[in-house]
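Engineer: My structure file target14.cif, mmCIF, C-alpha atoms and all ligand atoms, is below:
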data_input
#
loop_
_atom_site.label_atom_id
_atom_site.label_comp_id
_atom_site.auth_asym_id
_atom_site.auth_seq_id
_atom_site.Cartn_x
_atom_site.Cartn_y
_atom_site.Cartn_z
CA MET I 329 -9.90 14.50 -19.86
CA ALA I 330 -7.12 16.77 -18.57
CA VAL I 331 -7.34 18.67 -15.28
CA GLU I 332 -5.26 21.73 -14.37
CA LEU I 333 -3.37 21.55 -11.05
CA LYS I 334 -1.78 24.96 -11.44
CA ASP I 335 -1.12 27.23 -14.38
CA GLY I 336 0.72 25.10 -16.97
CA VAL I 337 0.55 21.85 -14.95
CA TYR I 338 -2.05 19.23 -15.88
CA TRP I 339 -3.23 15.81 -14.77
CA VAL I 340 -3.44 13.73 -17.93
CA GLY I 341 -3.96 10.33 -16.31
CA VAL I 342 -6.69 7.73 -16.39
CA VAL I 343 -9.40 6.69 -13.90
CA ASP I 344 -9.88 2.91 -13.82
CA TRP I 345 -13.25 2.39 -12.14
CA ASN I 346 -13.49 -1.30 -12.88
CA ILE I 347 -10.23 -2.82 -11.74
CA LYS I 348 -10.94 -4.97 -8.68
CA LYS I 349 -7.65 -6.90 -8.47
CA PHE I 350 -4.22 -5.31 -8.80
CA HIS I 351 -0.67 -6.76 -9.07
CA GLY I 352 -2.25 -9.65 -10.94
CA HIS I 353 -4.69 -10.96 -8.34
CA GLU I 354 -2.59 -10.08 -5.31
CA TYR I 355 -4.23 -6.84 -4.10
CA SER I 356 -7.96 -6.08 -3.93
CA THR I 357 -9.02 -2.70 -5.30
CA HIS I 358 -12.69 -2.49 -4.33
CA ARG I 359 -12.79 1.21 -5.19
CA GLY I 360 -10.85 0.97 -8.47
CA THR I 361 -7.76 3.07 -9.02
CA THR I 362 -6.22 5.84 -11.10
CA TYR I 363 -2.96 5.98 -13.02
CA ASN I 364 -1.85 9.58 -12.63
CA ALA I 365 0.44 11.22 -15.16
CA TYR I 366 1.29 14.92 -15.24
CA LEU I 367 2.09 17.25 -18.11
CA ILE I 368 4.10 20.42 -17.46
CA VAL I 369 4.11 23.09 -20.13
CA ASP I 370 6.85 25.70 -19.71
CA GLU I 371 9.40 26.80 -22.33
CA LYS I 372 10.07 23.09 -22.43
CA THR I 373 7.40 20.45 -21.97
CA ALA I 374 7.70 17.47 -19.65
CA LEU I 375 5.54 14.42 -19.06
CA VAL I 376 5.88 12.91 -15.59
CA ASP I 377 5.02 9.18 -15.66
CA THR I 378 2.60 7.41 -17.97
CA VAL I 379 -0.24 4.94 -17.29
CA TRP I 380 -0.83 1.20 -17.43
CA GLY I 381 -0.31 -0.06 -21.00
CA PRO I 382 -3.96 -0.79 -21.96
CA TYR I 383 -4.80 2.87 -21.27
CA SER I 384 -1.99 4.38 -23.36
CA GLN I 385 -4.31 5.83 -25.99
CA GLU I 386 -6.41 7.59 -23.35
CA LEU I 387 -3.22 9.17 -21.97
CA ILE I 388 -2.18 10.28 -25.44
CA ASN I 389 -5.66 11.75 -26.08
CA ASN I 390 -5.42 13.69 -22.80
CA ILE I 391 -1.98 15.04 -23.68
CA GLU I 392 -3.22 16.09 -27.10
CA LYS I 393 -5.98 18.15 -25.46
CA ILE I 394 -3.21 20.35 -24.02
CA THR I 395 -0.43 20.20 -26.59
CA ASP I 396 0.93 18.32 -29.56
CA ILE I 397 2.53 15.17 -28.09
CA LYS I 398 5.53 15.74 -30.37
CA LYS I 399 6.34 18.87 -28.37
CA ILE I 400 7.28 16.84 -25.27
CA ASP I 401 10.97 17.44 -24.49
CA TYR I 402 11.33 15.18 -21.46
CA VAL I 403 9.57 12.09 -20.21
CA ILE I 404 10.19 11.46 -16.52
CA ALA I 405 9.83 7.80 -15.52
CA ASN I 406 9.76 7.88 -11.74
CA HIS I 407 9.19 4.13 -11.45
CA ALA I 408 9.34 1.15 -13.83
CA GLU I 409 6.31 -0.79 -12.58
CA VAL I 410 4.01 -1.10 -15.57
CA ASP I 411 1.07 0.70 -14.00
CA HIS I 412 3.27 3.79 -14.54
CA SER I 413 5.69 2.91 -17.33
CA GLY I 414 3.28 0.74 -19.35
CA GLY I 415 2.35 3.68 -21.59
CA LEU I 416 5.97 4.48 -22.49
CA PRO I 417 6.21 2.35 -25.66
CA GLU I 418 3.14 4.03 -27.21
CA VAL I 419 4.17 7.55 -26.15
CA MET I 420 7.73 7.03 -27.39
CA LYS I 421 6.48 6.03 -30.84
CA TYR I 422 5.63 9.72 -31.33
CA ILE I 423 8.86 11.03 -29.79
CA PRO I 424 11.50 8.30 -30.21
CA ASP I 425 14.48 10.58 -29.60
CA THR I 426 13.10 12.39 -26.56
CA THR I 427 15.06 12.12 -23.32
CA VAL I 428 13.66 9.64 -20.81
CA VAL I 429 14.74 10.69 -17.32
CA VAL I 430 15.23 7.82 -14.87
CA SER I 431 17.06 7.03 -11.65
CA GLU I 432 20.21 4.92 -11.98
CA ARG I 433 18.27 1.80 -10.95
CA GLY I 434 15.43 2.87 -13.25
CA GLN I 435 17.61 2.67 -16.34
CA GLU I 436 17.94 -1.08 -15.82
CA SER I 437 14.36 -1.75 -14.72
CA ILE I 438 12.72 0.35 -17.46
CA PHE I 439 14.88 -1.38 -20.06
CA LYS I 440 14.12 -4.84 -18.62
CA HIS I 441 10.40 -4.17 -18.76
CA HIS I 442 10.25 -2.77 -22.28
CA HIS I 443 13.49 -3.96 -23.92
CA ARG I 444 14.04 -0.68 -25.70
CA ARG I 445 17.11 1.57 -25.54
CA TRP I 446 15.47 4.97 -25.38
CA ASN I 447 17.55 8.08 -24.87
CA PHE I 448 17.96 7.59 -21.13
CA LYS I 449 19.29 10.30 -18.83
CA THR I 450 20.01 9.11 -15.29
CA VAL I 451 19.58 11.44 -12.34
CA LYS I 452 20.25 11.24 -8.61
CA THR I 453 19.06 13.23 -5.61
CA GLY I 454 19.56 16.96 -6.11
CA ASP I 455 19.91 16.82 -9.89
CA SER I 456 17.61 19.12 -11.80
CA ILE I 457 16.41 19.94 -15.30
CA SER I 458 15.35 23.46 -16.25
CA LEU I 459 12.08 23.74 -18.14
CA GLY I 460 12.37 27.53 -18.53
CA GLU I 461 10.70 29.47 -15.75
CA ASN I 462 10.72 26.47 -13.40
CA LYS I 463 12.78 23.36 -12.99
CA LEU I 464 12.33 19.73 -12.09
CA VAL I 465 14.34 18.51 -9.11
CA PHE I 466 14.79 14.79 -8.45
CA VAL I 467 14.99 12.87 -5.19
CA THR I 468 15.68 9.15 -5.37
CA ALA I 469 13.38 7.14 -3.11
CA PRO I 470 14.52 3.51 -3.21
CA MET I 471 11.90 0.97 -2.09
CA LEU I 472 9.08 3.48 -2.20
CA HIS I 473 8.06 1.30 -3.93
CA TRP I 474 10.89 -0.40 -5.85
CA PRO I 475 14.66 0.19 -5.88
CA ASP I 476 14.19 2.46 -8.93
CA SER I 477 11.55 4.77 -7.44
CA MET I 478 12.12 8.50 -7.30
CA PHE I 479 10.23 11.69 -6.54
CA THR I 480 10.05 14.65 -8.92
CA TYR I 481 9.53 18.17 -7.56
CA LEU I 482 8.51 21.17 -9.67
CA THR I 483 9.95 24.45 -8.39
CA GLY I 484 7.89 27.61 -8.70
CA LYS I 485 4.65 25.61 -8.62
CA ASN I 486 5.78 23.74 -5.47
CA ILE I 487 4.37 20.44 -6.65
CA LEU I 488 5.79 17.13 -5.42
CA MET I 489 5.16 14.11 -7.65
CA PRO I 490 6.27 11.16 -5.49
CA ASN I 491 4.84 8.38 -7.64
CA ASP I 492 3.49 5.51 -5.47
CA ALA I 493 4.27 7.19 -2.14
CA PHE I 494 1.28 8.97 -0.55
CA GLY I 495 -1.08 7.37 -3.08
CA MET I 496 -4.03 5.01 -2.80
CA HIS I 497 -6.15 2.84 -5.09
CA TYR I 498 -9.22 5.02 -5.39
CA ALA I 499 -11.25 5.92 -8.46
CA SER I 500 -13.23 9.15 -8.12
CA ALA I 501 -14.88 11.86 -10.15
CA GLY I 502 -12.89 14.57 -8.35
CA ARG I 503 -9.13 14.70 -8.72
CA PHE I 504 -8.35 16.56 -5.48
CA ASN I 505 -8.70 15.56 -1.84
CA ASP I 506 -11.07 18.45 -1.18
CA GLU I 507 -13.49 17.06 -3.77
CA VAL I 508 -13.96 13.53 -2.44
CA ASP I 509 -14.96 11.56 0.67
CA GLU I 510 -11.95 11.87 2.97
CA THR I 511 -12.88 8.81 5.04
CA GLU I 512 -12.80 6.62 1.93
CA VAL I 513 -9.51 8.17 0.86
CA TYR I 514 -7.87 7.39 4.20
CA GLN I 515 -9.25 3.83 4.21
CA GLU I 516 -7.55 3.26 0.87
CA ALA I 517 -4.37 5.14 1.81
CA ILE I 518 -3.79 3.06 4.96
CA LYS I 519 -4.60 -0.14 3.05
CA PHE I 520 -1.98 0.85 0.45
CA TYR I 521 0.57 1.57 3.17
CA ALA I 522 -0.17 -1.59 5.19
CA ASN I 523 -0.14 -3.96 2.23
CA ILE I 524 2.66 -2.46 0.16
CA LEU I 525 4.95 -0.15 2.09
CA THR I 526 5.24 -1.49 5.66
CA PRO I 527 8.37 -3.58 5.00
CA PHE I 528 10.11 -0.30 4.14
CA SER I 529 8.93 1.76 7.11
CA GLU I 530 12.46 2.64 8.23
CA LEU I 531 13.20 4.00 4.77
CA VAL I 532 9.91 5.94 4.82
CA ILE I 533 10.96 7.69 8.03
CA LYS I 534 14.44 8.45 6.67
CA LYS I 535 13.05 9.79 3.39
CA ILE I 536 10.53 12.04 5.12
CA ASP I 537 13.23 13.37 7.47
CA GLU I 538 15.52 13.98 4.50
CA PHE I 539 12.76 15.72 2.57
CA LYS I 540 11.72 17.91 5.50
CA LYS I 541 15.34 19.04 5.97
CA LEU I 542 15.33 20.38 2.42
CA ASN I 543 12.75 22.87 3.70
CA ILE I 544 11.14 23.33 0.33
CA PRO I 545 7.59 24.61 -0.03
CA VAL I 546 4.96 22.03 -0.95
CA ASP I 547 1.60 23.33 -2.19
CA ILE I 548 0.47 20.09 -3.83
CA ILE I 549 1.42 16.42 -3.48
CA ALA I 550 0.47 14.62 -6.67
CA PRO I 551 1.00 10.86 -6.35
CA SER I 552 0.60 8.35 -9.14
CA HIS I 553 -2.55 6.70 -7.71
CA GLY I 554 -5.75 8.16 -6.35
CA ILE I 555 -6.41 11.72 -5.36
CA ILE I 556 -4.08 14.72 -5.46
CA TRP I 557 -3.40 16.29 -2.05
CA ARG I 558 -4.21 19.98 -2.52
CA LYS I 559 -5.87 20.83 0.80
CA ASP I 560 -3.28 20.59 3.61
CA PRO I 561 -0.97 18.36 1.52
CA MET I 562 1.43 17.60 4.37
CA GLN I 563 -1.31 15.73 6.25
CA ILE I 564 -0.53 12.55 4.33
CA VAL I 565 3.21 12.94 4.97
CA ASN I 566 2.51 13.21 8.70
CA LYS I 567 0.22 10.17 8.51
CA TYR I 568 2.98 8.19 6.80
CA TYR I 569 5.33 9.14 9.61
CA GLU I 570 2.81 7.88 12.16
CA TRP I 571 2.14 4.65 10.24
CA ALA I 572 5.87 4.02 9.69
CA SER I 573 6.60 4.40 13.40
CA GLY I 574 4.46 1.32 14.17
CA LYS I 575 1.87 3.02 16.33
CA SER I 576 -1.34 1.04 16.70
CA ASP I 577 -4.53 1.24 18.70
CA ASP I 578 -5.17 -1.04 21.68
CA SER I 579 -7.57 -3.26 19.81
CA THR I 580 -7.35 -6.87 18.68
CA VAL I 581 -8.08 -8.68 15.47
CA ILE I 582 -9.24 -12.30 15.61
CA ILE I 583 -8.77 -14.30 12.44
CA TYR I 584 -9.71 -17.93 12.05
CA ASP I 585 -11.14 -20.60 9.83
CA THR I 586 -13.21 -23.56 10.90
CA MET I 587 -14.32 -26.96 9.55
CA TRP I 588 -17.26 -28.05 11.74
CA ASN I 589 -17.55 -24.85 13.79
CA ALA I 590 -15.48 -25.92 16.81
CA THR I 591 -12.75 -23.34 16.15
CA GLU I 592 -15.45 -20.78 15.32
CA LYS I 593 -17.13 -21.37 18.70
CA MET I 594 -13.72 -20.86 20.34
CA ALA I 595 -13.23 -17.61 18.37
CA HIS I 596 -16.56 -16.23 19.57
CA ALA I 597 -15.90 -17.26 23.18
CA ILE I 598 -12.47 -15.58 23.09
CA ALA I 599 -14.11 -12.48 21.61
CA GLN I 600 -16.55 -12.49 24.52
CA GLY I 601 -13.59 -12.50 26.90
CA LEU I 602 -12.03 -9.50 25.13
CA ALA I 603 -15.35 -7.66 25.28
CA GLU I 604 -15.73 -8.39 29.00
CA GLU I 605 -12.41 -6.58 29.54
CA GLY I 606 -13.54 -3.65 27.41
CA MET I 607 -11.21 -4.44 24.53
CA LYS I 608 -12.30 -3.45 21.04
CA PHE I 609 -11.97 -6.23 18.51
CA LYS I 610 -12.81 -7.30 14.97
CA LEU I 611 -13.37 -10.90 13.93
CA PHE I 612 -12.74 -12.36 10.49
CA ASN I 613 -13.34 -15.82 9.06
CA MET I 614 -10.59 -16.06 6.46
CA ALA I 615 -12.63 -18.41 4.31
CA VAL I 616 -14.90 -15.50 3.36
CA CYS I 617 -12.89 -12.32 4.05
CA ASP I 618 -10.59 -10.31 1.81
CA ARG I 619 -6.93 -10.85 2.74
CA ASN I 620 -5.81 -7.26 2.03
CA ASP I 621 -8.67 -5.77 4.06
CA VAL I 622 -7.87 -8.04 7.00
CA LEU I 623 -4.16 -7.17 6.79
CA THR I 624 -5.14 -3.51 6.99
CA GLU I 625 -7.11 -4.19 10.18
CA ILE I 626 -4.18 -6.13 11.66
CA PHE I 627 -1.89 -3.22 10.80
CA LYS I 628 -4.13 -0.85 12.78
CA ALA I 629 -4.48 -3.12 15.83
CA ARG I 630 -1.98 -4.12 18.54
CA GLY I 631 -3.22 -7.67 19.17
CA ILE I 632 -3.75 -10.58 16.83
CA LEU I 633 -5.42 -13.87 17.72
CA ILE I 634 -5.18 -16.60 15.11
CA GLY I 635 -7.23 -19.79 15.12
CA SER I 636 -7.31 -22.87 12.96
CA PRO I 637 -8.17 -26.51 13.39
CA THR I 638 -5.42 -29.00 12.64
CA LEU I 639 -5.49 -30.33 9.10
CA ASN I 640 -2.87 -32.79 7.81
CA ASN I 641 -0.54 -31.95 10.71
CA GLY I 642 -0.80 -28.24 9.93
CA LEU I 643 -3.38 -25.49 9.37
CA LEU I 644 -6.32 -24.88 7.10
CA PRO I 645 -5.11 -23.53 3.73
CA THR I 646 -7.15 -20.33 4.10
CA ILE I 647 -5.01 -19.28 7.08
CA LYS I 648 -1.63 -19.85 5.45
CA PRO I 649 -1.49 -16.90 2.99
CA ILE I 650 -2.00 -14.33 5.70
CA LEU I 651 0.73 -15.93 7.83
CA GLU I 652 3.05 -15.57 4.85
CA ASP I 653 2.01 -11.92 4.49
CA LEU I 654 2.65 -11.26 8.18
CA LYS I 655 6.20 -12.56 7.78
CA GLY I 656 6.87 -10.49 4.67
CA LEU I 657 5.17 -7.25 5.70
CA LYS I 658 7.07 -7.03 9.00
CA PHE I 659 4.39 -5.19 10.99
CA ARG I 660 5.88 -3.70 14.13
CA ASN I 661 4.88 -4.00 17.80
CA LYS I 662 2.27 -6.71 17.45
CA VAL I 663 1.40 -9.24 20.14
CA GLY I 664 -0.51 -12.46 19.54
CA ALA I 665 -1.83 -15.80 20.68
CA ALA I 666 -3.10 -18.95 18.97
CA PHE I 667 -6.13 -21.18 19.34
CA GLY I 668 -7.98 -23.97 17.59
CA SER I 669 -9.63 -27.37 17.80
CA TYR I 670 -8.11 -30.70 16.81
CA GLY I 671 -9.02 -34.36 16.50
CA TRP I 672 -5.83 -36.38 17.00
CA SER I 673 -2.37 -34.95 16.19
CA GLY I 674 -3.06 -31.31 17.16
CA GLU I 675 -0.14 -29.35 15.66
CA ASN I 676 -2.26 -26.26 14.93
CA VAL I 677 -1.33 -24.03 17.87
CA LYS I 678 2.38 -24.88 17.66
CA CYS I 679 2.29 -24.17 13.93
CA ILE I 680 0.67 -20.73 14.42
CA GLU I 681 3.15 -19.89 17.17
CA GLN I 682 6.07 -20.78 14.88
CA ASN I 683 4.60 -18.33 12.39
CA PHE I 684 4.42 -15.65 15.09
CA GLU I 685 8.15 -16.14 15.57
CA ARG I 686 8.83 -15.79 11.83
CA ALA I 687 6.75 -12.59 11.73
CA LYS I 688 8.34 -11.22 14.93
CA ILE I 689 4.95 -11.10 16.65
CA LYS I 690 5.43 -11.45 20.41
CA LYS I 691 3.53 -14.40 21.88
CA LEU I 692 1.52 -12.85 24.69
CA GLN I 693 0.31 -16.12 26.22
CA GLU I 694 0.31 -19.86 25.56
CA GLY I 695 -2.19 -20.94 22.94
CA ILE I 696 -5.36 -22.85 23.72
CA LYS I 697 -6.46 -26.13 22.10
CA VAL I 698 -9.70 -28.09 22.38
CA LYS I 699 -10.12 -31.70 21.29
CA TRP I 700 -13.12 -32.20 18.96
CA GLN I 701 -16.07 -29.98 19.86
CA PRO I 702 -15.68 -27.71 22.92
CA THR I 703 -17.70 -28.42 26.05
CA LYS I 704 -19.38 -25.63 28.04
CA GLU I 705 -16.42 -25.68 30.45
CA GLU I 706 -13.91 -25.49 27.60
CA LEU I 707 -15.73 -22.51 26.11
CA GLU I 708 -15.57 -20.83 29.51
CA LYS I 709 -11.80 -21.41 29.39
CA CYS I 710 -11.78 -19.69 25.98
CA VAL I 711 -13.63 -16.70 27.49
CA GLU I 712 -10.99 -16.59 30.23
CA PHE I 713 -8.28 -16.86 27.55
CA GLY I 714 -9.76 -13.77 25.87
CA ARG I 715 -9.97 -11.90 29.17
CA ASN I 716 -6.35 -12.71 30.01
CA PHE I 717 -5.21 -11.63 26.56
CA ALA I 718 -6.96 -8.27 26.95
CA ILE I 719 -5.48 -7.72 30.43
CA SER I 720 -1.94 -8.61 29.26
CA LEU I 721 -2.22 -6.45 26.15
CA LYS I 722 -3.32 -3.44 28.19
CA GLY I 723 -0.33 -4.02 30.49
CA CYS I 724 2.35 -4.44 27.84
CA GLU I 725 4.65 -1.68 26.64
FE1 LIG P 1 1.93 1.90 -8.68
FE2 LIG P 1 4.85 0.36 -7.69
O1 LIG P 1 3.49 0.86 -8.86
#
Starting from the file, lay out its structure as structure tokens.
Ligand code: FEO
Structural biologist:
Amino acid sequence: MAVELKDGVYWVGVVDWNIKKFHGHEYSTHRGTTYNAYLIVDEKTALVDTVWGPYSQELINNIEKITDIKKIDYVIANHAEVDHSGGLPEVMKYIPDTTVVVSERGQESIFKHHHRRWNFKTVKTGDSISLGENKLVFVTAPMLHWPDSMFTYLTGKNILMPNDAFGMHYASAGRFNDEVDETEVYQEAIKFYANILTPFSELVIKKIDEFKKLNIPVDIIAPSHGIIWRKDPMQIVNKYYEWASGKSDDSTVIIYDTMWNATEKMAHAIAQGLAEEGMKFKLFNMAVCDRNDVLTEIFKARGILIGSPTLNNGLLPTIKPILEDLKGLKFRNKVGAAFGSYGWSGENVKCIEQNFERAKIKKLQEGIKVKWQPTKEELEKCVEFGRNFAISLKGCE
């Protein structure tokens, strides 16, 4: 299927309804995804991005619905990651001498993914290629999502194709934001930002500022995943600005795991304390919850309470991956505290607090530990712990 964005500009991508794990098994995609590629037919013809390799033939079929694939004059590879460049080898079989436009970093990364010396043309910010009536203008966007990433803008049609930026993993029947459930779209867009782009938030702000200064009209933002922003396209740019600035709501996320329910009882007592102070919270047992979904909730909240019993002088293995993520994703302006039960050595709270330090999460109060199963009095202390956390969080800048 091909879908027209504007006269002479077509979506020729693929909807992948069934993918439930992305980046190998690193990222959950409960709502599937799309690999968006765009075909521009002017005096010259350009293909902007391809699709993941297994879907190459579907891309080629879509192109052939609009034009003979051999008529493509330029292939723009905004980003080397194989969900976008995976279709290049099949496409290039038809047009082996066609120019492949890449950023300077893209020349290396595209080559190192496919090991083929196509006819590369490197571009940098401000460079352009005339297609006839309109031209393609390029803006490099390093780390959105890889060092090679760039945006492509089509003059005349005022379409920005920013690859991963402003996208989301979301399969849908409609291609445009005015044709789908906006709440679902935003759930997936913030998950994408929280799990993939937060380490680069400073660069996001700089890139948006730089782009806004160009003062160019934008009618459509057409990312490489999910829906195309046609209705009020700048809404997602403004959302990115807000997300990148580290704003969060005054709520708290409690994550924990438990062996014989002692730490779970503590988690619920602490939650009661938060509730008594009117603090909104969400509670997740990491043994049964999706890591990427929980990270998204942590991204949205200001407070994070982490609980684990002590196991082998450390923490339960289900807690460790998310601690590693918190270090790597570099969420801003978070405050936290630790809790958990223990039997003899009791390193759990210290271990969680060390991880707060690594992730630059401010420790809001000393952690709380209970030996073996909590007594009624110890659970009351956990309630008080929750109350104190809520009061401190409300008072902190
Ligand atoms: Fe959708 Fe960074 O690839």
Engineer: Do a neighbour search on region 612-629 of chain I at 9 Å with all atoms listed in the file, toss out local chain neighbours closer than 6 positions, and write the hits as a PyMOL selection string.
Structural biologist: chain I and resi 354-356+515+518-523+526+571+574-586+592+646-647+649-650+653-654+659-660+662
Engineer: Between I:Asp492, I:Glu681, I:Asp344, I:Asp370, which has the minimum distance to ligand LIG 1 (chain P) (counting all atoms listed in the file)?
Structural biologist: I:Asp492
Engineer: Report as a list in words all protein, DNA and RNA residues lying within 9 Å of Leu416 (chain I), evaluated on only C-alpha atoms, omitting residues in the same chain fewer than 3 positions from it.
Structural biologist: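 Final neighbour list, sorted by chain and number: Asp377, Thr378, Val379, Gly381, Ser384, Val403, Ala405, His412, Ser413, Val419, Met420, Lys421 and His442 of chain I.
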Engineer: Just want the 10 Å neighbourhood of Leu633 (chain I), counted on all atoms listed in the file, with same-chain residues fewer than 4 positions away dropped. Output as an MDAnalysis selection string.
Structural biologist: chainID I and resid 580:584 595 598:599 611 626 663:667 680 691:692 695 714 717
Engineer: Between I:Ser456, I:Thr468, I:Asn716, I:Ser431, single out the one closest to Gly606 (chain I), counting all atoms listed in the file.
Structural biologist: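 Among I:Ser456, I:Thr468, I:Asn716, I:Ser431, it is I:Asn716 that comes nearest to Gly606 (chain I).
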Engineer: Adding 3 Å on each side of the box along x, y and z that holds all listed atoms of region 662-674 of chain I, could you give its centre and edge lengths in Å to one decimal, as lines of an AutoDock Vina configuration file?
Structural biologist:
center_x = -3.7
center_y = -21.5
center_z = 18.4
size_x = 17.9
size_y = 35.7
size_z = 10.5
Engineer: Got a sec to check which residues sit within 10 Å of (14.8, 18.2, 0.1), counting all atoms listed in the file, and write them as a PDB file with C-alpha atoms, in the coordinates of the input?
Structural biologist:
ATOM      1  CA  THR I 453      19.060  13.230  -5.610  1.00  0.00           C
ATOM      2  CA  GLY I 454      19.560  16.960  -6.110  1.00  0.00           C
ATOM      3  CA  VAL I 465      14.340  18.510  -9.110  1.00  0.00           C
ATOM      4  CA  PHE I 466      14.790  14.790  -8.450  1.00  0.00           C
ATOM      5  CA  VAL I 467      14.990  12.870  -5.190  1.00  0.00           C
ATOM      6  CA  TYR I 481       9.530  18.170  -7.560  1.00  0.00           C
ATOM      7  CA  LYS I 535      13.050   9.790   3.390  1.00  0.00           C
ATOM      8  CA  ILE I 536      10.530  12.040   5.120  1.00  0.00           C
ATOM      9  CA  ASP I 537      13.230  13.370   7.470  1.00  0.00           C
ATOM     10  CA  GLU I 538      15.520  13.980   4.500  1.00  0.00           C
ATOM     11  CA  PHE I 539      12.760  15.720   2.570  1.00  0.00           C
ATOM     12  CA  LYS I 540      11.720  17.910   5.500  1.00  0.00           C
ATOM     13  CA  LYS I 541      15.340  19.040   5.970  1.00  0.00           C
ATOM     14  CA  LEU I 542      15.330  20.380   2.420  1.00  0.00           C
ATOM     15  CA  ASN I 543      12.750  22.870   3.700  1.00  0.00           C
ATOM     16  CA  ILE I 544      11.140  23.330   0.330  1.00  0.00           C
ATOM     17  CA  PRO I 545       7.590  24.610  -0.030  1.00  0.00           C
TER      18      PRO I 545
END
Engineer: Neighbours of ligand LIG 1 (chain P) at 8 Å or closer, counting all atoms listed in the file: which residues, as a PDB file with C-alpha atoms, in the coordinates of the input?
Structural biologist:
ATOM      1  CA  TYR I 363      -2.960   5.980 -13.020  1.00  0.00           C
ATOM      2  CA  HIS I 407       9.190   4.130 -11.450  1.00  0.00           C
ATOM      3  CA  ALA I 408       9.340   1.150 -13.830  1.00  0.00           C
ATOM      4  CA  GLU I 409       6.310  -0.790 -12.580  1.00  0.00           C
ATOM      5  CA  VAL I 410       4.010  -1.100 -15.570  1.00  0.00           C
ATOM      6  CA  ASP I 411       1.070   0.700 -14.000  1.00  0.00           C
ATOM      7  CA  HIS I 412       3.270   3.790 -14.540  1.00  0.00           C
ATOM      8  CA  LEU I 472       9.080   3.480  -2.200  1.00  0.00           C
ATOM      9  CA  HIS I 473       8.060   1.300  -3.930  1.00  0.00           C
ATOM     10  CA  TRP I 474      10.890  -0.400  -5.850  1.00  0.00           C
ATOM     11  CA  ASN I 491       4.840   8.380  -7.640  1.00  0.00           C
ATOM     12  CA  ASP I 492       3.490   5.510  -5.470  1.00  0.00           C
ATOM     13  CA  SER I 552       0.600   8.350  -9.140  1.00  0.00           C
ATOM     14  CA  HIS I 553      -2.550   6.700  -7.710  1.00  0.00           C
TER      15      HIS I 553
END
Engineer: Quick one: distance from CA of Asn364 (chain I) to CA of Asp560 (chain I) in Å, one decimal?
Structural biologist: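 Separating CA of Asn364 (chain I) from CA of Asp560 (chain I) is a distance of 19.7 Å.
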Engineer: What is the CA of Lys648 (chain I) to CA of Arg686 (chain I) distance in Å?
Structural biologist: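 The value is 12.9 Å.
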Engineer: Excluding Lys399 (chain I) and its own-chain neighbours fewer than 4 positions away, which residues fall within 12 Å of it when counting only C-alpha atoms? Please give them as a ChimeraX atom specification.
Structural biologist: /I:367-375,391-392,394-395,403,419-420,422-426
Engineer: By how many Å are CA of Lys709 (chain I) and CA of Lys610 (chain I) apart?
Structural biologist: 20.2 Å
Engineer: Taking into account all atoms listed in the file, which residue in the set I:Thr638, I:Gln682, I:Asn486, I:Ser673 is nearest to Leu651 (chain I)?
Structural biologist: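 That would be I:Gln682, the residue with the smallest distance to Leu651 (chain I).
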Engineer: For a quick check of understanding, using only C-alpha atoms, which of I:Ala590, I:Pro561, I:Thr511, I:Leu482 has the smallest distance to Ile457 (chain I)?
Structural biologist: I:Leu482
Engineer: Pick out the closest residue to Phe684 (chain I) from this set: I:Ala469, I:Val711, I:Leu639, I:Ile634. Count all atoms listed in the file.
Structural biologist: I:Ile634
Engineer: Kindly indicate which residue among I:Phe609, I:Arg359, I:Ala572, I:Phe448 lies nearest to Glu512 (chain I), using only C-alpha atoms for the distances.
Structural biologist: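 Looking at the shortest contact to Glu512 (chain I), the residue is I:Arg359.
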Engineer: Mind filling out region 713-720 of chain I with N, CA and C atoms and sending it as an mmCIF file, in the coordinates of the input?
Structural biologist:
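Writing the result to selection_33.cif gives the following:
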data_model
loop_
_atom_site.group_PDB
_atom_site.id
_atom_site.type_symbol
_atom_site.label_atom_id
_atom_site.label_comp_id
_atom_site.auth_asym_id
_atom_site.auth_seq_id
_atom_site.Cartn_x
_atom_site.Cartn_y
_atom_site.Cartn_z
ATOM 1 N N PHE I 713 -9.444 -17.074 28.435
ATOM 2 C CA PHE I 713 -8.280 -16.860 27.550
ATOM 3 C C PHE I 713 -8.366 -15.454 26.937
ATOM 4 N N GLY I 714 -9.553 -15.098 26.457
ATOM 5 C CA GLY I 714 -9.760 -13.770 25.870
ATOM 6 C C GLY I 714 -9.569 -12.670 26.902
ATOM 7 N N ARG I 715 -10.120 -12.905 28.090
ATOM 8 C CA ARG I 715 -9.970 -11.900 29.170
ATOM 9 C C ARG I 715 -8.500 -11.686 29.495
ATOM 10 N N ASN I 716 -7.779 -12.808 29.663
ATOM 11 C CA ASN I 716 -6.350 -12.710 30.010
ATOM 12 C C ASN I 716 -5.561 -12.001 28.920
ATOM 13 N N PHE I 717 -5.915 -12.275 27.684
ATOM 14 C CA PHE I 717 -5.210 -11.630 26.560
ATOM 15 C C PHE I 717 -5.412 -10.111 26.640
ATOM 16 N N ALA I 718 -6.659 -9.719 26.878
ATOM 17 C CA ALA I 718 -6.960 -8.270 26.950
ATOM 18 C C ALA I 718 -6.189 -7.625 28.104
ATOM 19 N N ILE I 719 -6.168 -8.299 29.254
ATOM 20 C CA ILE I 719 -5.480 -7.720 30.430
ATOM 21 C C ILE I 719 -3.982 -7.591 30.138
ATOM 22 N N SER I 720 -3.396 -8.648 29.566
ATOM 23 C CA SER I 720 -1.940 -8.610 29.260
ATOM 24 C C SER I 720 -1.636 -7.538 28.224
#
